[in-house]
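Text of the file data.pdb, holding PDB, C-alpha atoms, pLDDT in the B column:
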MODEL        1
ATOM      1  CA  MET R1432      20.639  22.385  16.681  1.00 64.00           C
ATOM      2  CA  GLN R1433      17.330  23.206  18.333  1.00 81.00           C
ATOM      3  CA  CYS R1434      15.338  22.074  15.289  1.00 89.00           C
ATOM      4  CA  SER R1435      13.067  19.171  16.212  1.00 89.00           C
ATOM      5  CA  VAL R1436      13.382  15.844  14.455  1.00 87.00           C
ATOM      6  CA  LYS R1437       9.840  16.289  13.139  1.00 89.00           C
ATOM      7  CA  ASP R1438      10.680  19.671  11.566  1.00 89.00           C
ATOM      8  CA  ALA R1439      13.932  18.327  10.148  1.00 90.00           C
ATOM      9  CA  LEU R1440      12.104  15.451   8.488  1.00 90.00           C
ATOM     10  CA  ALA R1441       9.550  17.879   7.086  1.00 88.00           C
ATOM     11  CA  GLY R1442      12.382  19.946   5.603  1.00 92.00           C
ATOM     12  CA  VAL R1443      13.941  16.886   3.996  1.00 91.00           C
ATOM     13  CA  PHE R1444      10.583  15.899   2.541  1.00 88.00           C
ATOM     14  CA  GLU R1445      10.083  19.377   1.060  1.00 90.00           C
ATOM     15  CA  LEU R1446      13.514  19.137  -0.556  1.00 90.00           C
ATOM     16  CA  LEU R1447      12.674  15.737  -2.012  1.00 90.00           C
ATOM     17  CA  GLN R1448       9.415  17.079  -3.456  1.00 89.00           C
ATOM     18  CA  ARG R1449      11.271  19.902  -5.210  1.00 87.00           C
ATOM     19  CA  SER R1450      14.485  18.277  -6.350  1.00 85.00           C
ATOM     20  CA  TYR R1451      14.501  14.480  -5.993  1.00 88.00           C
ATOM     21  CA  ARG R1452      11.102  12.922  -6.512  1.00 88.00           C
ATOM     22  CA  CYS R1453      11.951   9.477  -5.254  1.00 91.00           C
ATOM     23  CA  ASP R1454       9.624   6.589  -4.504  1.00 92.00           C
ATOM     24  CA  TYR R1455       8.701   7.968  -1.066  1.00 93.00           C
ATOM     25  CA  VAL R1456       7.323  11.198  -2.550  1.00 93.00           C
ATOM     26  CA  TYR R1457       4.997   9.164  -4.758  1.00 94.00           C
ATOM     27  CA  ARG R1458       3.963   6.904  -1.882  1.00 93.00           C
ATOM     28  CA  SER R1459       3.214   9.843   0.386  1.00 92.00           C
ATOM     29  CA  THR R1460       1.107  11.573  -2.257  1.00 93.00           C
ATOM     30  CA  ILE R1461      -0.822   8.386  -3.025  1.00 93.00           C
ATOM     31  CA  ALA R1462      -1.503   7.911   0.694  1.00 90.00           C
ATOM     32  CA  ALA R1463      -2.690  11.503   1.175  1.00 89.00           C
ATOM     33  CA  LYS R1464      -4.607  12.144  -2.028  1.00 90.00           C
ATOM     34  CA  LEU R1465      -5.743   8.773  -3.343  1.00 90.00           C
ATOM     35  CA  PHE R1466      -6.223   6.845  -0.104  1.00 88.00           C
ATOM     36  CA  LEU R1467      -7.287   9.461   2.451  1.00 84.00           C
ATOM     37  CA  GLY R1468      -8.656  11.841  -0.159  1.00 82.00           C
ATOM     38  CA  ARG R1469     -11.111   9.309  -1.542  1.00 84.00           C
ATOM     39  CA  HIS R1470     -11.699   6.648   1.108  1.00 82.00           C
ATOM     40  CA  SER R1471     -12.581   6.291   4.771  1.00 81.00           C
ATOM     41  CA  PRO R1472      -9.745   4.691   6.770  1.00 80.00           C
ATOM     42  CA  THR R1473     -12.305   2.960   8.992  1.00 80.00           C
ATOM     43  CA  THR R1474     -13.688   0.967   6.054  1.00 85.00           C
ATOM     44  CA  SER R1475     -10.615   0.745   3.821  1.00 88.00           C
ATOM     45  CA  ALA R1476      -7.065  -0.556   4.080  1.00 89.00           C
ATOM     46  CA  LEU R1477      -3.830   0.555   2.466  1.00 91.00           C
ATOM     47  CA  ILE R1478      -1.292  -2.266   2.282  1.00 91.00           C
ATOM     48  CA  PRO R1479       2.247  -1.526   1.074  1.00 91.00           C
ATOM     49  CA  GLU R1480       4.491  -4.034  -0.672  1.00 92.00           C
ATOM     50  CA  LEU R1481       1.855  -6.743  -0.986  1.00 94.00           C
ATOM     51  CA  ARG R1482       3.547  -9.781  -2.488  1.00 94.00           C
ATOM     52  CA  VAL R1483       1.799 -11.072  -5.592  1.00 95.00           C
ATOM     53  CA  TRP R1484       3.531 -14.123  -7.023  1.00 92.00           C
ATOM     54  CA  LYS R1485       7.002 -12.877  -8.114  1.00 91.00           C
ATOM     55  CA  SER R1486       6.159  -9.183  -7.678  1.00 95.00           C
ATOM     56  CA  LYS R1487       5.271  -6.752  -4.902  1.00 95.00           C
ATOM     57  CA  ALA R1488       2.583  -4.132  -5.466  1.00 95.00           C
ATOM     58  CA  ASP R1489       3.998  -0.815  -4.243  1.00 95.00           C
ATOM     59  CA  MET R1490       0.680   0.178  -2.673  1.00 95.00           C
ATOM     60  CA  ALA R1491      -2.656  -1.610  -2.635  1.00 95.00           C
ATOM     61  CA  VAL R1492      -5.978  -0.190  -1.471  1.00 94.00           C
ATOM     62  CA  PHE R1493      -8.923  -2.358  -0.455  1.00 95.00           C
ATOM     63  CA  ASN R1494     -12.318  -0.688  -0.064  1.00 91.00           C
ATOM     64  CA  GLY R1495     -15.312  -1.727  -2.156  1.00 90.00           C
ATOM     65  CA  THR R1496     -12.821  -3.332  -4.512  1.00 96.00           C
ATOM     66  CA  SER R1497      -9.051  -3.786  -4.907  1.00 97.00           C
ATOM     67  CA  ILE R1498      -6.710  -1.221  -6.439  1.00 97.00           C
ATOM     68  CA  ALA R1499      -2.992  -1.725  -7.092  1.00 97.00           C
ATOM     69  CA  TYR R1500      -0.573   1.151  -7.645  1.00 97.00           C
ATOM     70  CA  GLU R1501       2.781   0.421  -9.281  1.00 97.00           C
ATOM     71  CA  ILE R1502       5.155   3.394  -9.029  1.00 97.00           C
ATOM     72  CA  LYS R1503       7.640   4.205 -11.783  1.00 96.00           C
ATOM     73  CA  THR R1504       9.525   7.381 -10.921  1.00 93.00           C
ATOM     74  CA  GLU R1505      12.042   9.321 -12.972  1.00 89.00           C
ATOM     75  CA  LEU R1506      14.659   7.119 -11.293  1.00 87.00           C
ATOM     76  CA  ASP R1507      13.130   3.762 -12.336  1.00 90.00           C
ATOM     77  CA  ASN R1508      13.423   1.700 -15.487  1.00 88.00           C
ATOM     78  CA  LEU R1509      10.608  -0.347 -16.998  1.00 91.00           C
ATOM     79  CA  ASP R1510      12.434  -3.665 -17.345  1.00 92.00           C
ATOM     80  CA  ARG R1511      10.062  -5.649 -15.088  1.00 94.00           C
ATOM     81  CA  LEU R1512       6.869  -3.684 -15.608  1.00 96.00           C
ATOM     82  CA  GLN R1513       5.147  -6.096 -17.990  1.00 96.00           C
ATOM     83  CA  SER R1514       5.744  -9.102 -15.716  1.00 96.00           C
ATOM     84  CA  GLN R1515       4.623  -7.090 -12.679  1.00 97.00           C
ATOM     85  CA  LEU R1516       1.376  -6.117 -14.384  1.00 97.00           C
ATOM     86  CA  ALA R1517       0.745  -9.729 -15.385  1.00 97.00           C
ATOM     87  CA  ASP R1518       1.059 -10.757 -11.728  1.00 97.00           C
ATOM     88  CA  TYR R1519      -1.207  -7.940 -10.510  1.00 98.00           C
ATOM     89  CA  SER R1520      -3.812  -8.798 -13.149  1.00 98.00           C
ATOM     90  CA  ALA R1521      -4.194 -12.209 -11.517  1.00 97.00           C
ATOM     91  CA  VAL R1522      -5.244 -10.636  -8.187  1.00 98.00           C
ATOM     92  CA  PHE R1523      -6.488  -7.030  -8.466  1.00 98.00           C
ATOM     93  CA  ASP R1524      -9.606  -5.491  -9.918  1.00 98.00           C
ATOM     94  CA  ARG R1525      -8.112  -2.125 -10.916  1.00 98.00           C
ATOM     95  CA  ILE R1526      -4.439  -1.540 -11.648  1.00 98.00           C
ATOM     96  CA  PHE R1527      -2.631   1.768 -12.098  1.00 98.00           C
ATOM     97  CA  VAL R1528       0.908   2.657 -13.096  1.00 97.00           C
ATOM     98  CA  VAL R1529       1.863   5.931 -11.411  1.00 97.00           C
ATOM     99  CA  THR R1530       4.608   7.816 -13.187  1.00 96.00           C
ATOM    100  CA  TYR R1531       6.005  11.250 -14.040  1.00 93.00           C
ATOM    101  CA  ASP R1532       4.941  13.790 -16.617  1.00 89.00           C
ATOM    102  CA  GLY R1533       6.507  12.835 -19.933  1.00 84.00           C
ATOM    103  CA  ARG R1534       6.227   9.073 -19.555  1.00 88.00           C
ATOM    104  CA  GLY R1535       2.429   8.813 -19.503  1.00 86.00           C
ATOM    105  CA  GLU R1536       1.876   8.867 -23.238  1.00 86.00           C
ATOM    106  CA  GLU R1537       4.743   6.449 -23.801  1.00 87.00           C
ATOM    107  CA  LEU R1538       3.103   3.939 -21.456  1.00 93.00           C
ATOM    108  CA  ARG R1539      -0.312   4.346 -23.052  1.00 92.00           C
ATOM    109  CA  ALA R1540       1.007   2.721 -26.225  1.00 90.00           C
ATOM    110  CA  THR R1541       2.622  -0.254 -24.512  1.00 93.00           C
ATOM    111  CA  LEU R1542       0.557  -1.247 -21.466  1.00 95.00           C
ATOM    112  CA  PRO R1543      -2.415  -3.661 -21.477  1.00 95.00           C
ATOM    113  CA  SER R1544      -5.655  -1.805 -22.153  1.00 95.00           C
ATOM    114  CA  HIS R1545      -7.151  -2.528 -18.712  1.00 97.00           C
ATOM    115  CA  VAL R1546      -4.226  -0.893 -16.882  1.00 98.00           C
ATOM    116  CA  GLY R1547      -4.711   2.744 -15.898  1.00 97.00           C
ATOM    117  CA  ILE R1548      -2.018   5.419 -16.017  1.00 97.00           C
ATOM    118  CA  LEU R1549      -1.633   8.269 -13.529  1.00 96.00           C
ATOM    119  CA  VAL R1550       0.903  11.081 -13.789  1.00 96.00           C
ATOM    120  CA  LEU R1551       2.182  12.872 -10.684  1.00 94.00           C
ATOM    121  CA  THR R1552       2.499  16.476 -11.804  1.00 92.00           C
ATOM    122  CA  ARG R1553       5.011  19.041 -10.589  1.00 89.00           C
ATOM    123  CA  THR R1554       2.310  20.506  -8.345  1.00 89.00           C
ATOM    124  CA  LEU R1555       1.823  17.066  -6.724  1.00 90.00           C
ATOM    125  CA  SER R1556      -1.602  16.424  -8.169  1.00 92.00           C
ATOM    126  CA  PHE R1557      -2.625  13.370 -10.183  1.00 94.00           C
ATOM    127  CA  GLN R1558      -3.500  13.588 -13.859  1.00 94.00           C
ATOM    128  CA  VAL R1559      -5.425  10.651 -15.309  1.00 95.00           C
ATOM    129  CA  VAL R1560      -3.850   9.681 -18.618  1.00 95.00           C
ATOM    130  CA  ARG R1561      -6.035   6.581 -18.816  1.00 96.00           C
ATOM    131  CA  ASP R1562      -8.470   5.148 -16.290  1.00 97.00           C
ATOM    132  CA  ALA R1563      -8.233   1.522 -15.216  1.00 97.00           C
ATOM    133  CA  LEU R1564     -10.869  -0.960 -16.340  1.00 98.00           C
ATOM    134  CA  SER R1565     -12.393  -3.551 -14.032  1.00 98.00           C
ATOM    135  CA  ASN R1566     -10.459  -6.808 -14.061  1.00 98.00           C
ATOM    136  CA  ALA R1567     -12.141  -8.722 -11.213  1.00 97.00           C
ATOM    137  CA  GLU R1568     -13.720 -11.252 -13.576  1.00 97.00           C
ATOM    138  CA  ASN R1569     -10.251 -12.269 -14.767  1.00 97.00           C
ATOM    139  CA  VAL R1570      -8.412 -12.832 -11.498  1.00 98.00           C
ATOM    140  CA  ARG R1571      -7.014 -16.266 -10.691  1.00 97.00           C
ATOM    141  CA  PRO R1572      -8.137 -17.789  -7.370  1.00 97.00           C
ATOM    142  CA  ARG R1573      -4.914 -19.778  -6.933  1.00 96.00           C
ATOM    143  CA  MET R1574      -2.852 -16.603  -7.255  1.00 96.00           C
ATOM    144  CA  ILE R1575      -5.064 -14.913  -4.668  1.00 97.00           C
ATOM    145  CA  VAL R1576      -4.445 -17.822  -2.291  1.00 96.00           C
ATOM    146  CA  ASP R1577      -0.699 -17.427  -2.797  1.00 95.00           C
ATOM    147  CA  ALA R1578      -0.876 -13.710  -1.910  1.00 96.00           C
ATOM    148  CA  LEU R1579      -2.744 -14.173   1.377  1.00 96.00           C
ATOM    149  CA  ARG R1580      -1.734 -15.231   4.851  1.00 95.00           C
ATOM    150  CA  ARG R1581      -2.807 -18.684   5.975  1.00 94.00           C
ATOM    151  CA  ASP R1582      -5.628 -17.469   8.232  1.00 95.00           C
ATOM    152  CA  GLU R1583      -6.850 -15.160   5.469  1.00 96.00           C
ATOM    153  CA  VAL R1584      -6.952 -18.044   2.985  1.00 96.00           C
ATOM    154  CA  ILE R1585      -9.118 -20.038   5.384  1.00 96.00           C
ATOM    155  CA  GLU R1586     -11.481 -17.109   5.924  1.00 97.00           C
ATOM    156  CA  VAL R1587     -11.818 -16.447   2.178  1.00 97.00           C
ATOM    157  CA  THR R1588     -12.636 -20.113   1.638  1.00 97.00           C
ATOM    158  CA  ARG R1589     -15.287 -20.058   4.371  1.00 96.00           C
ATOM    159  CA  ARG R1590     -16.883 -16.970   2.829  1.00 97.00           C
ATOM    160  CA  VAL R1591     -17.013 -18.370  -0.700  1.00 97.00           C
ATOM    161  CA  VAL R1592     -17.442 -22.114  -0.238  1.00 95.00           C
ATOM    162  CA  GLY R1593     -19.306 -22.056   3.069  1.00 94.00           C
ATOM    163  CA  ARG R1594     -16.727 -24.004   5.050  1.00 92.00           C
ATOM    164  CA  ALA R1595     -12.996 -24.572   5.300  1.00 88.00           C
ATOM    165  CA  PRO R1596     -11.611 -27.973   4.233  1.00 90.00           C
ATOM    166  CA  CYS R1597     -10.662 -30.514   6.917  1.00 87.00           C
ATOM    167  CA  ALA R1598      -6.924 -30.568   6.336  1.00 85.00           C
ATOM    168  CA  THR R1599      -3.594 -30.599   8.155  1.00 86.00           C
ATOM    169  CA  GLU R1600      -1.424 -27.540   8.744  1.00 82.00           C
ATOM    170  CA  VAL R1601       0.714 -28.684   5.817  1.00 87.00           C
ATOM    171  CA  THR R1602      -2.085 -29.213   3.295  1.00 92.00           C
ATOM    172  CA  ILE R1603      -4.705 -26.620   4.280  1.00 93.00           C
ATOM    173  CA  ARG R1604      -3.522 -23.958   1.844  1.00 94.00           C
ATOM    174  CA  GLN R1605      -3.572 -26.377  -1.103  1.00 94.00           C
ATOM    175  CA  GLU R1606      -6.968 -27.769  -0.068  1.00 95.00           C
ATOM    176  CA  CYS R1607      -8.385 -24.240   0.049  1.00 96.00           C
ATOM    177  CA  ALA R1608      -6.867 -23.435  -3.335  1.00 96.00           C
ATOM    178  CA  ASP R1609      -8.490 -26.542  -4.821  1.00 95.00           C
ATOM    179  CA  ALA R1610     -11.882 -25.611  -3.360  1.00 96.00           C
ATOM    180  CA  LEU R1611     -11.695 -22.018  -4.585  1.00 97.00           C
ATOM    181  CA  ALA R1612     -10.560 -23.078  -8.067  1.00 95.00           C
ATOM    182  CA  THR R1613     -14.129 -24.214  -8.787  1.00 93.00           C
ATOM    183  CA  CYS R1614     -15.624 -20.834  -7.805  1.00 96.00           C
ATOM    184  CA  THR R1615     -16.083 -17.733  -9.917  1.00 97.00           C
ATOM    185  CA  PRO R1616     -13.120 -15.328  -9.984  1.00 97.00           C
ATOM    186  CA  ARG R1617     -15.347 -12.430  -8.909  1.00 98.00           C
ATOM    187  CA  SER R1618     -16.606 -14.218  -5.782  1.00 98.00           C
ATOM    188  CA  VAL R1619     -13.070 -15.087  -4.676  1.00 98.00           C
ATOM    189  CA  HIS R1620     -11.885 -11.549  -5.385  1.00 98.00           C
ATOM    190  CA  ASP R1621     -14.702  -9.969  -3.375  1.00 98.00           C
ATOM    191  CA  ALA R1622     -14.065 -12.263  -0.414  1.00 98.00           C
ATOM    192  CA  MET R1623     -10.374 -11.353  -0.552  1.00 98.00           C
ATOM    193  CA  VAL R1624     -11.271  -7.646  -0.416  1.00 97.00           C
ATOM    194  CA  ALA R1625     -13.509  -8.156   2.617  1.00 96.00           C
ATOM    195  CA  VAL R1626     -10.765 -10.039   4.449  1.00 96.00           C
ATOM    196  CA  LEU R1627      -7.860  -7.731   3.574  1.00 95.00           C
ATOM    197  CA  LYS R1628      -9.799  -4.659   4.687  1.00 92.00           C
ATOM    198  CA  ARG R1629      -9.200  -5.929   8.236  1.00 88.00           C
ATOM    199  CA  ARG R1630      -5.406  -5.719   8.049  1.00 85.00           C
ATOM    200  CA  MET R1631      -5.204  -2.014   8.823  1.00 78.00           C
ATOM    201  CA  ARG R1632      -7.540  -0.333  11.290  1.00 73.00           C
ATOM    202  CA  CYS R1633      -7.283   3.361  12.124  1.00 79.00           C
ATOM    203  CA  THR R1634      -9.541   6.381  12.435  1.00 78.00           C
ATOM    204  CA  ARG R1635      -9.518   9.664  10.551  1.00 78.00           C
ATOM    205  CA  GLU R1636      -8.813  11.398  13.865  1.00 81.00           C
ATOM    206  CA  GLN R1637      -5.651   9.346  14.364  1.00 83.00           C
ATOM    207  CA  LEU R1638      -4.512  10.144  10.829  1.00 81.00           C
ATOM    208  CA  ALA R1639      -5.280  13.848  11.243  1.00 80.00           C
ATOM    209  CA  ARG R1640      -2.610  14.053  13.957  1.00 84.00           C
ATOM    210  CA  VAL R1641       0.089  12.496  11.763  1.00 88.00           C
ATOM    211  CA  PRO R1642       2.531  15.008  10.212  1.00 86.00           C
ATOM    212  CA  ARG R1643       1.779  15.057   6.480  1.00 86.00           C
ATOM    213  CA  PRO R1644       5.393  14.341   5.413  1.00 88.00           C
ATOM    214  CA  LEU R1645       5.348  11.219   7.588  1.00 90.00           C
ATOM    215  CA  LEU R1646       1.923   9.909   6.597  1.00 87.00           C
ATOM    216  CA  SER R1647       3.170   7.172   4.311  1.00 88.00           C
ATOM    217  CA  ALA R1648       5.857   6.169   6.816  1.00 89.00           C
ATOM    218  CA  TYR R1649       3.293   5.758   9.593  1.00 88.00           C
ATOM    219  CA  LEU R1650       0.881   3.807   7.397  1.00 84.00           C
ATOM    220  CA  GLU R1651       3.603   1.499   6.145  1.00 83.00           C
ATOM    221  CA  SER R1652       5.496   1.035   9.416  1.00 82.00           C
ATOM    222  CA  GLY R1653       3.343  -1.744  10.827  1.00 79.00           C
ATOM    223  CA  THR R1654       3.176   0.197  14.115  1.00 82.00           C
ATOM    224  CA  LYS R1655      -0.204   0.145  15.819  1.00 83.00           C
ATOM    225  CA  SER R1656      -2.167   3.305  15.154  1.00 83.00           C
ATOM    226  CA  GLN R1657      -2.637   3.759  18.913  1.00 84.00           C
ATOM    227  CA  MET R1658       1.106   4.458  19.105  1.00 87.00           C
ATOM    228  CA  TRP R1659       1.210   7.141  16.420  1.00 87.00           C
ATOM    229  CA  ASN R1660       0.433  10.087  18.676  1.00 87.00           C
ATOM    230  CA  ARG R1661       3.185   9.103  21.128  1.00 88.00           C
ATOM    231  CA  ILE R1662       5.679   8.727  18.301  1.00 89.00           C
ATOM    232  CA  THR R1663       4.777  12.187  16.974  1.00 88.00           C
ATOM    233  CA  GLU R1664       5.170  13.676  20.449  1.00 89.00           C
ATOM    234  CA  ARG R1665       8.652  12.171  20.737  1.00 87.00           C
ATOM    235  CA  LEU R1666       9.696  13.385  17.282  1.00 88.00           C
ATOM    236  CA  THR R1667       8.467  16.865  18.245  1.00 89.00           C
ATOM    237  CA  SER R1668      10.255  17.010  21.597  1.00 86.00           C
ATOM    238  CA  VAL R1669      13.617  15.618  20.478  1.00 85.00           C
ATOM    239  CA  THR R1670      16.007  17.984  18.676  1.00 85.00           C
ATOM    240  CA  LEU R1671      18.850  17.325  16.284  1.00 82.00           C
ATOM    241  CA  GLY R1672      21.183  18.389  19.079  1.00 81.00           C
ATOM    242  CA  ASP R1673      19.793  15.605  21.220  1.00 77.00           C
ATOM    243  CA  LEU R1674      20.542  13.099  18.480  1.00 76.00           C
ATOM    244  CA  ILE R1675      24.076  14.354  18.068  1.00 77.00           C
ATOM    245  CA  ALA R1676      24.540  13.755  21.783  1.00 73.00           C
ATOM    246  CA  HIS R1677      24.089  10.043  21.016  1.00 67.00           C
ATOM    247  CA  ASP R1678      21.573   9.412  23.785  1.00 59.00           C
ATOM    248  CA  GLU R1679      20.154   6.018  22.804  1.00 56.00           C
ATOM    249  CA  GLN R1680      17.145   6.518  25.066  1.00 58.00           C
ATOM    250  CA  ILE R1681      16.004   9.755  23.438  1.00 60.00           C
ATOM    251  CA  LEU R1682      13.820   8.318  20.695  1.00 58.00           C
ATOM    252  CA  SER R1683      12.692   5.187  22.510  1.00 63.00           C
ATOM    253  CA  ILE R1684       8.947   4.936  23.109  1.00 58.00           C
ATOM    254  CA  PRO R1685       7.908   3.709  26.585  1.00 55.00           C
ATOM    255  CA  GLN R1686       6.236   0.305  26.356  1.00 55.00           C
ATOM    256  CA  GLY R1687       4.574   0.288  29.769  1.00 51.00           C
ATOM    257  CA  GLU R1688       1.043   0.614  28.433  1.00 49.00           C
ATOM    258  CA  ASP R1689      -0.734  -2.103  26.501  1.00 44.00           C
ATOM    259  CA  VAL R1690      -1.526  -0.448  23.181  1.00 42.00           C
TER     260      VAL R1690
ENDMDL
END
Show me, as structure tokens, the structure contained in the file I just sent.
Amino acid sequence: MQCSVKDALAGVFELLQRSYRCDYVYRSTIAAKLFLGRHSPTTSALIPELRVWKSKADMAVFNGTSIAYEIKTELDNLDRLQSQLADYSAVFDRIFVVTYDGRGEELRATLPSHVGILVLTRTLSFQVVRDALSNAENVRPRMIVDALRRDEVIEVTRRVVGRAPCATEVTIRQECADALATCTPRSVHDAMVAVLKRRMRCTREQLARVPRPLLSAYLESGTKSQMWNRITERLTSVTLGDLIAHDEQILSIPQGEDV
């Protein structure tokens, strides 16, 4: 039982990649190859599970534009896909369904023409079945307001309109929505991108020290990036034998420093 927790997790991830390609395998590959492989983490943000009306985008990237990735693995059905895509089309510029080899062509015949299709191959690379078309001119400002936090709504309004409405805590969101409803969809979309890029801040150096199997977990955890190295050190030093010993202090991270 001298295997470290980090190595054990890496072994589980390798098994999942080979034999049980669940949602986490897709998320991890998107994070490594589509987010880090194409964008700078200092100027881009990856936001998991972003609520958009009655749906949640599995992964959303904000850089020069907005990109939504909806994952449909071998274990998923397509019952809600059309309603999910309708919600995403009200907020995102480019939308992709990420699926497995064998379903790509089936989706090509049924999905809206602006929605792209990516297939995660057995070698964990992405094959483009159909690229996504720009949709920013068709977004709906009121839906964007609904997807954002209150302070983000105010900032988007300031950027587009020039000022935030004078309103109470109760009515400010509705007042902003009314003001933005008169603006062009593209201008509201672009302001949203600029604001959401601030949600996640980390450097490539911080990400380089993250174990690859845990990349998506770190990015999606909500833990400050300044803590990542300490978490990795603890996962490396603690063994499975330590966990079996039921020492509740083993995996705790000291909180003495302001990070």
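The interatomic distance for the pair atom CA of Ser1459 of chain R and atom CA of Glu1537 of chain R works out to 24.5 Å.
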* Ground truth for the PyMOL selection byres ((chain R and resi 1433) around 9), written as a PyMOL selection string -> chain R and resi 1432+1434-1435+1669-1673
* Result set, the PyMOL selection byres ((chain R and resi 1547-1557) around 9) on current file, as number ranges by chain -> R: 1448-1449, 1457, 1460-1461, 1464-1465, 1525-1536, 1538-1539, 1542-1546, 1558-1564
Please save C-alpha atoms of the selected residues as an mmCIF file, in the coordinates of the input.
data_model
loop_
_atom_site.group_PDB
_atom_site.id
_atom_site.type_symbol
_atom_site.label_atom_id
_atom_site.label_comp_id
_atom_site.auth_asym_id
_atom_site.auth_seq_id
_atom_site.Cartn_x
_atom_site.Cartn_y
_atom_site.Cartn_z
ATOM 1 C CA GLN R 1448 9.415 17.079 -3.456
ATOM 2 C CA ARG R 1449 11.271 19.902 -5.210
ATOM 3 C CA TYR R 1457 4.997 9.164 -4.758
ATOM 4 C CA THR R 1460 1.107 11.573 -2.257
ATOM 5 C CA ILE R 1461 -0.822 8.386 -3.025
ATOM 6 C CA LYS R 1464 -4.607 12.144 -2.028
ATOM 7 C CA LEU R 1465 -5.743 8.773 -3.343
ATOM 8 C CA ARG R 1525 -8.112 -2.125 -10.916
ATOM 9 C CA ILE R 1526 -4.439 -1.540 -11.648
ATOM 10 C CA PHE R 1527 -2.631 1.768 -12.098
ATOM 11 C CA VAL R 1528 0.908 2.657 -13.096
ATOM 12 C CA VAL R 1529 1.863 5.931 -11.411
ATOM 13 C CA THR R 1530 4.608 7.816 -13.187
ATOM 14 C CA TYR R 1531 6.005 11.250 -14.040
ATOM 15 C CA ASP R 1532 4.941 13.790 -16.617
ATOM 16 C CA GLY R 1533 6.507 12.835 -19.933
ATOM 17 C CA ARG R 1534 6.227 9.073 -19.555
ATOM 18 C CA GLY R 1535 2.429 8.813 -19.503
ATOM 19 C CA GLU R 1536 1.876 8.867 -23.238
ATOM 20 C CA LEU R 1538 3.103 3.939 -21.456
ATOM 21 C CA ARG R 1539 -0.312 4.346 -23.052
ATOM 22 C CA LEU R 1542 0.557 -1.247 -21.466
ATOM 23 C CA PRO R 1543 -2.415 -3.661 -21.477
ATOM 24 C CA SER R 1544 -5.655 -1.805 -22.153
ATOM 25 C CA HIS R 1545 -7.151 -2.528 -18.712
ATOM 26 C CA VAL R 1546 -4.226 -0.893 -16.882
ATOM 27 C CA GLN R 1558 -3.500 13.588 -13.859
ATOM 28 C CA VAL R 1559 -5.425 10.651 -15.309
ATOM 29 C CA VAL R 1560 -3.850 9.681 -18.618
ATOM 30 C CA ARG R 1561 -6.035 6.581 -18.816
ATOM 31 C CA ASP R 1562 -8.470 5.148 -16.290
ATOM 32 C CA ALA R 1563 -8.233 1.522 -15.216
ATOM 33 C CA LEU R 1564 -10.869 -0.960 -16.340
#
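With distances restricted to all atoms listed in the file, R:Ala1462 is the closest residue to Ala1491 of chain R from R:Ala1462, R:Val1587, R:Ile1575, R:Ala1517.
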* To do: Work out how far atom CA of Val1492 of chain R is from atom CA of Ser1475 of chain R, in Å to one decimal.
  => 7.1 Å
Taking only C-alpha atoms into account, produce a table as a Markdown table in which each residue of segment 1464-1582 of chain R with an atom at most 9 Å from an atom of segment 1640-1659 of chain R appears once, together with its shortest atom pair and the distance in Å to one decimal, ordered by chain and rising number.
| residue | atom | partner | partner_atom | distance |
| --- | --- | --- | --- | --- |
| R:Leu1477 | CA | R:Leu1650 | CA | 7.6 |
| R:Ile1478 | CA | R:Glu1651 | CA | 7.3 |
| R:Pro1479 | CA | R:Glu1651 | CA | 6.1 |
| R:Glu1480 | CA | R:Glu1651 | CA | 8.8 |
* **Between atom CA of Lys1487 of chain R and atom CA of Ala1612 of chain R - distance in Å to one decimal** =>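 Result for atom CA of Ala1612 of chain R versus atom CA of Lys1487 of chain R: 23.0 Å, one decimal.
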* Asked: Could you write out as a PyMOL selection string the residues that the PyMOL selection byres ((chain R and resi 1494) around 10) matches in the shown file?
  -> chain R and resi 1466+1470-1477+1492-1493+1495-1498+1624-1625+1627-1628
I need the residues from that last selection saved to file as a PDB file, in the coordinates of the input (with C-alpha atoms), if you can.
ATOM      1  CA  PHE R1466      -6.223   6.845  -0.104  1.00 88.00           C
ATOM      2  CA  HIS R1470     -11.699   6.648   1.108  1.00 82.00           C
ATOM      3  CA  SER R1471     -12.581   6.291   4.771  1.00 81.00           C
ATOM      4  CA  PRO R1472      -9.745   4.691   6.770  1.00 80.00           C
ATOM      5  CA  THR R1473     -12.305   2.960   8.992  1.00 80.00           C
ATOM      6  CA  THR R1474     -13.688   0.967   6.054  1.00 85.00           C
ATOM      7  CA  SER R1475     -10.615   0.745   3.821  1.00 88.00           C
ATOM      8  CA  ALA R1476      -7.065  -0.556   4.080  1.00 89.00           C
ATOM      9  CA  LEU R1477      -3.830   0.555   2.466  1.00 91.00           C
ATOM     10  CA  VAL R1492      -5.978  -0.190  -1.471  1.00 94.00           C
ATOM     11  CA  PHE R1493      -8.923  -2.358  -0.455  1.00 95.00           C
ATOM     12  CA  GLY R1495     -15.312  -1.727  -2.156  1.00 90.00           C
ATOM     13  CA  THR R1496     -12.821  -3.332  -4.512  1.00 96.00           C
ATOM     14  CA  SER R1497      -9.051  -3.786  -4.907  1.00 97.00           C
ATOM     15  CA  ILE R1498      -6.710  -1.221  -6.439  1.00 97.00           C
ATOM     16  CA  VAL R1624     -11.271  -7.646  -0.416  1.00 97.00           C
ATOM     17  CA  ALA R1625     -13.509  -8.156   2.617  1.00 96.00           C
ATOM     18  CA  LEU R1627      -7.860  -7.731   3.574  1.00 95.00           C
ATOM     19  CA  LYS R1628      -9.799  -4.659   4.687  1.00 92.00           C
TER      20      LYS R1628
END
* **Cut-off 10 Å around (9.8, 3.6, -2.5) with all atoms listed in the file: residues as a PyMOL selection string** => chain R and resi 1453-1459+1479-1480+1489-1490+1502-1504
As AutoDock Vina command-line options, please report the centre and edge lengths, rounded to one decimal in Å, of the axis-aligned box that holds all listed atoms of segment 1494-1498 of chain R with 3 Å of padding on each of the six sides.
--center_x -11.0 --center_y -2.2 --center_z -3.3 --size_x 14.6 --size_y 9.1 --size_z 12.4
